[in-house]
Amino acid sequence: MKILFLGDVMGRAGRRAITDNLARLRTEWKLDFIVVNGENATSGMGLSAPHAKTLLEAGADCLTLGDHAFDQKDMLSFIEQEPRIIRPLNFSKSAPGKGARLFTAQNGKKVLVTQALGQVFMKRPYDDPFSALEPVLKTHPLGGLAQAIIVDMHCEATSEKMAMGHWCDGRASLVVGTHTHVPTADAMILPGGTGYLTDAGMCGDYHSVIGMEKAEPLRRFITGMPKERFTPANGEASLSGVYLETDDRSGRATRVVPVRTGGVLQESTP
């Protein structure tokens with residue numbers, strides 16, 4: 001299979017990059033399945049139902065969320081109606097929606113998508129992501145019913161993302177980190193056949209401070225005092241993420257390529 005995973009969509013600029021490019025990339029790269037992390041697509045804080053519809057209509061097969069999963073209150077009900085949206089497994093035991101789901105790709109093959117929140121440096125004490133993922137991966141062994149398994153590890157610490165990658169090695173097709181909005185340069189295939197990237201980066205304007213207009217973050221760093229709300233930067237966005245090819249029989253990764261296209265980042269495509 002040929003799979004594209006795109007990192008956190010950031011505000012209007014990120015949404016525009018998705019709607020302008022995703023259908024074309026599916027055709028050009030012959031993609032079988034597309035996952036988009038959409039948790040910052042609405043004003044940089046969460047994902048609203050209308051913006052979720054926009055991303056899905058643009059060509060995303062699945063949307064993952066994160067620690068801002070329910071910042072937009074309409075997502076509390078919309079996620080129950082829209083099975084293509086995945087929230088973190090370990091967000092809360094009472095949270096609506098699902099943290100893992102088996103999808104059917106356009107070519108009829110099965111793809112399992114799941115997401116977990118990390119614990120290190122996060123603002124809230126989430127449940128252990130490793131024990132949360134264990135029953136999901138145990139129920140869906142790689143190379144079984146699912147031809148591919150994608151794990152979105154949404155957290156701050158690179159060490160925690162790396163630990164999750166090694167823990168999932170041989171049990172997932174791809175472990176990819178999200179949340180920090182900065183793409184890393186360590187795309188690789190681990191010894192057990194799992195594709196890995198510490199952070200997919202963001203789909204947003206990189207002339208910014210992790211997607212926000214520069215003035216207010218700079219003011220807070222320099223003075224320690226807030227003055228205004230953060231506002232997403234709205235210049236030309238880069239699509240940032242990872243391209244994955246898998247072996248259908250084993251579910252293992254055969255090729256992993258960082259994706260950066262458009263905007264100011266150096267181009268990297270399959």
# chains A, B, ... in the order shown; residues from 1 in each chain; ligands from 1
$ select_by_dssp --residues "stretch 34-261 of chain A" --states "helix (DSSP H, G or I)" --output "VMD selection string"
chain A and resid 49 to 58 75 to 81 129 to 139 158 to 168 215 to 223
$ write_last_selection --atoms "C-alpha atoms" --output "PDB file, in the first residue's frame"
ATOM      1  CA  ALA A  49     -17.406  19.941  12.652  1.00  0.00           C
ATOM      2  CA  PRO A  50     -17.488  22.207   9.561  1.00  0.00           C
ATOM      3  CA  HIS A  51     -13.695  22.173   9.263  1.00  0.00           C
ATOM      4  CA  ALA A  52     -13.622  18.392   9.767  1.00  0.00           C
ATOM      5  CA  LYS A  53     -16.047  18.090   6.843  1.00  0.00           C
ATOM      6  CA  THR A  54     -13.779  20.342   4.776  1.00  0.00           C
ATOM      7  CA  LEU A  55     -10.731  18.133   5.360  1.00  0.00           C
ATOM      8  CA  LEU A  56     -12.655  14.928   4.661  1.00  0.00           C
ATOM      9  CA  GLU A  57     -14.210  16.341   1.488  1.00  0.00           C
ATOM     10  CA  ALA A  58     -10.726  17.420   0.369  1.00  0.00           C
ATOM     11  CA  MET A  75     -16.793  17.858  18.184  1.00  0.00           C
ATOM     12  CA  LEU A  76     -18.248  16.210  21.304  1.00  0.00           C
ATOM     13  CA  SER A  77     -21.318  15.233  19.301  1.00  0.00           C
ATOM     14  CA  PHE A  78     -19.938  15.254  15.757  1.00  0.00           C
ATOM     15  CA  ILE A  79     -17.320  12.586  16.482  1.00  0.00           C
ATOM     16  CA  GLU A  80     -20.128  10.172  17.359  1.00  0.00           C
ATOM     17  CA  GLN A  81     -21.663  10.739  13.918  1.00  0.00           C
ATOM     18  CA  PRO A 129      -0.281   5.172  26.297  1.00  0.00           C
ATOM     19  CA  PHE A 130       1.567   1.853  26.146  1.00  0.00           C
ATOM     20  CA  SER A 131      -1.039  -0.081  28.118  1.00  0.00           C
ATOM     21  CA  ALA A 132      -3.785   1.710  26.179  1.00  0.00           C
ATOM     22  CA  LEU A 133      -2.344   0.532  22.858  1.00  0.00           C
ATOM     23  CA  GLU A 134      -1.547  -3.024  23.992  1.00  0.00           C
ATOM     24  CA  PRO A 135      -5.061  -4.515  23.548  1.00  0.00           C
ATOM     25  CA  VAL A 136      -5.503  -2.785  20.165  1.00  0.00           C
ATOM     26  CA  LEU A 137      -2.260  -4.173  18.756  1.00  0.00           C
ATOM     27  CA  LYS A 138      -2.864  -7.564  20.340  1.00  0.00           C
ATOM     28  CA  THR A 139      -6.310  -7.783  18.738  1.00  0.00           C
ATOM     29  CA  THR A 158      11.012  13.054  21.471  1.00  0.00           C
ATOM     30  CA  SER A 159      12.200  10.340  23.849  1.00  0.00           C
ATOM     31  CA  GLU A 160       8.634   9.182  24.497  1.00  0.00           C
ATOM     32  CA  LYS A 161       7.891   9.077  20.778  1.00  0.00           C
ATOM     33  CA  MET A 162      11.060   7.081  20.140  1.00  0.00           C
ATOM     34  CA  ALA A 163      10.191   4.679  22.949  1.00  0.00           C
ATOM     35  CA  MET A 164       6.762   4.126  21.407  1.00  0.00           C
ATOM     36  CA  GLY A 165       8.340   3.472  18.013  1.00  0.00           C
ATOM     37  CA  HIS A 166      10.623   0.762  19.413  1.00  0.00           C
ATOM     38  CA  TRP A 167       7.836  -0.715  21.537  1.00  0.00           C
ATOM     39  CA  CYS A 168       5.615  -0.987  18.431  1.00  0.00           C
ATOM     40  CA  ALA A 215       4.383  39.007  17.523  1.00  0.00           C
ATOM     41  CA  GLU A 216       2.489  37.626  20.527  1.00  0.00           C
ATOM     42  CA  PRO A 217       4.717  34.565  21.165  1.00  0.00           C
ATOM     43  CA  LEU A 218       7.798  36.816  20.929  1.00  0.00           C
ATOM     44  CA  ARG A 219       6.260  39.301  23.363  1.00  0.00           C
ATOM     45  CA  ARG A 220       5.568  36.554  25.885  1.00  0.00           C
ATOM     46  CA  PHE A 221       9.055  35.077  25.583  1.00  0.00           C
ATOM     47  CA  ILE A 222      10.692  38.480  25.998  1.00  0.00           C
ATOM     48  CA  THR A 223       8.455  40.050  28.659  1.00  0.00           C
TER      49      THR A 223
END
$ select_by_dssp --residues "stretch 121-164 of chain A" --states "strand (DSSP E)" --output "PyMOL selection string"
chain A and resi 148-154
$ closest_atom_pairs --of "stretch 6-116 of chain A" --to "stretch 190-204 of chain A" --cutoff "8 Å" --atoms "only C-alpha atoms" --output "Markdown table"
| residue | atom | partner | partner_atom | distance |
| --- | --- | --- | --- | --- |
| A:Leu6 | CA | A:Ala200 | CA | 6.6 |
| A:Gly7 | CA | A:Met202 | CA | 4.6 |
| A:Asp8 | CA | A:Met202 | CA | 4.5 |
| A:Val9 | CA | A:Cys203 | CA | 4.6 |
| A:Met10 | CA | A:Gly204 | CA | 5.0 |
| A:Gly11 | CA | A:Gly204 | CA | 7.2 |
| A:Ala13 | CA | A:Gly204 | CA | 5.5 |
| A:Gly14 | CA | A:Gly204 | CA | 4.3 |
| A:Arg15 | CA | A:Cys203 | CA | 7.9 |
| A:Ala17 | CA | A:Cys203 | CA | 7.3 |
| A:Ile18 | CA | A:Cys203 | CA | 7.9 |
$ closest_residue --among "A:Ala116, A:Ile34, A:Met188, A:Ile85" --to "A:His154" --atoms "only C-alpha atoms"
A:Ala116
$ closest_residue --among "A:Cys62, A:Met212, A:Ile149, A:Ile189" --to "A:Gly38" --atoms "only C-alpha atoms"
A:Cys62
$ residues_around --residues "A:Pro141" --least-positions-apart "3" --cutoff "10 Å" --atoms "only C-alpha atoms" --output "list in words"
Val136, Leu137, Lys138, Gly144, Leu145, Ala146, Gln147, Ala148, Ile149, Gly170, Arg171, Ala172, Ser250 and Gly251 of chain A
$ write_last_selection --atoms "all heavy atoms" --output "short mmCIF file (atom, residue, chain, number, x, y, z; two decimals), in the first residue's frame"
data_model
loop_
_atom_site.label_atom_id
_atom_site.label_comp_id
_atom_site.auth_asym_id
_atom_site.auth_seq_id
_atom_site.Cartn_x
_atom_site.Cartn_y
_atom_site.Cartn_z
N VAL A 136 -5.21 -3.07 21.58
CA VAL A 136 -5.50 -2.79 20.17
C VAL A 136 -4.55 -3.56 19.27
O VAL A 136 -4.96 -4.22 18.31
CB VAL A 136 -5.40 -1.27 19.89
CG1 VAL A 136 -5.55 -0.99 18.39
CG2 VAL A 136 -6.44 -0.51 20.68
N LEU A 137 -3.24 -3.49 19.58
CA LEU A 137 -2.26 -4.17 18.76
C LEU A 137 -2.33 -5.70 18.93
O LEU A 137 -2.04 -6.45 17.99
CB LEU A 137 -0.85 -3.66 19.09
CG LEU A 137 -0.62 -2.17 18.83
CD1 LEU A 137 0.80 -1.79 19.22
CD2 LEU A 137 -0.91 -1.80 17.39
N LYS A 138 -2.72 -6.12 20.10
CA LYS A 138 -2.86 -7.56 20.34
C LYS A 138 -4.04 -8.13 19.56
O LYS A 138 -3.99 -9.24 19.03
CB LYS A 138 -3.05 -7.82 21.84
CG LYS A 138 -3.01 -9.29 22.22
CD LYS A 138 -3.04 -9.47 23.73
CE LYS A 138 -2.96 -10.95 24.11
NZ LYS A 138 -2.96 -11.12 25.59
N GLY A 144 -2.28 -9.49 9.72
CA GLY A 144 -3.52 -10.23 9.86
C GLY A 144 -4.63 -9.58 9.07
O GLY A 144 -4.51 -9.36 7.86
N LEU A 145 -5.72 -9.23 9.77
CA LEU A 145 -6.86 -8.63 9.09
C LEU A 145 -6.50 -7.28 8.47
O LEU A 145 -6.97 -6.93 7.39
CB LEU A 145 -8.02 -8.44 10.08
CG LEU A 145 -9.31 -7.84 9.53
CD1 LEU A 145 -9.87 -8.71 8.41
CD2 LEU A 145 -10.34 -7.68 10.65
N ALA A 146 -5.63 -6.53 9.15
CA ALA A 146 -5.21 -5.23 8.64
C ALA A 146 -3.95 -5.36 7.80
O ALA A 146 -2.95 -5.92 8.26
CB ALA A 146 -4.97 -4.26 9.79
N GLN A 147 -4.00 -4.84 6.57
CA GLN A 147 -2.81 -4.84 5.72
C GLN A 147 -1.80 -3.78 6.18
O GLN A 147 -0.61 -3.85 5.84
CB GLN A 147 -3.18 -4.58 4.26
CG GLN A 147 -3.58 -5.82 3.49
CD GLN A 147 -5.02 -6.24 3.78
OE1 GLN A 147 -5.93 -5.43 3.72
NE2 GLN A 147 -5.20 -7.50 4.10
N ALA A 148 -2.28 -2.77 6.92
CA ALA A 148 -1.40 -1.73 7.44
C ALA A 148 -1.95 -1.23 8.77
O ALA A 148 -3.17 -1.16 8.96
CB ALA A 148 -1.26 -0.57 6.46
N ILE A 149 -1.05 -0.86 9.69
CA ILE A 149 -1.43 -0.31 10.99
C ILE A 149 -0.64 0.97 11.22
O ILE A 149 0.60 0.98 11.13
CB ILE A 149 -1.14 -1.31 12.13
CG1 ILE A 149 -2.01 -2.57 11.95
CG2 ILE A 149 -1.40 -0.66 13.49
CD1 ILE A 149 -1.70 -3.67 12.96
N GLY A 170 7.61 -4.02 14.69
CA GLY A 170 7.12 -5.34 14.33
C GLY A 170 5.63 -5.52 14.57
O GLY A 170 5.06 -6.54 14.18
N ARG A 171 5.00 -4.51 15.19
CA ARG A 171 3.56 -4.60 15.51
C ARG A 171 2.74 -3.55 14.76
O ARG A 171 1.51 -3.60 14.79
CB ARG A 171 3.35 -4.42 17.01
CG ARG A 171 4.20 -5.35 17.87
CD ARG A 171 3.98 -5.09 19.35
NE ARG A 171 2.73 -5.63 19.82
CZ ARG A 171 2.22 -5.40 21.03
NH1 ARG A 171 2.84 -4.59 21.87
NH2 ARG A 171 1.09 -5.95 21.38
N ALA A 172 3.40 -2.59 14.13
CA ALA A 172 2.72 -1.54 13.38
C ALA A 172 3.50 -1.27 12.10
O ALA A 172 4.71 -1.51 12.02
CB ALA A 172 2.62 -0.26 14.21
N SER A 250 2.88 -8.87 4.89
CA SER A 250 3.41 -8.78 6.26
C SER A 250 2.96 -7.53 6.99
O SER A 250 3.00 -7.47 8.22
CB SER A 250 4.95 -8.79 6.22
OG SER A 250 5.44 -7.60 5.59
N GLY A 251 2.53 -6.50 6.25
CA GLY A 251 2.18 -5.22 6.85
C GLY A 251 3.39 -4.36 7.20
O GLY A 251 3.24 -3.24 7.70
#
$ closest_residue --among "A:Pro183, A:Gly224, A:Gly99, A:Pro232" --to "A:Gly44" --atoms "only C-alpha atoms"
A:Pro232
$ closest_residue --among "A:Thr42, A:Thr104, A:Gln115, A:Asn90" --to "A:Asp74" --atoms "only C-alpha atoms"
A:Thr42
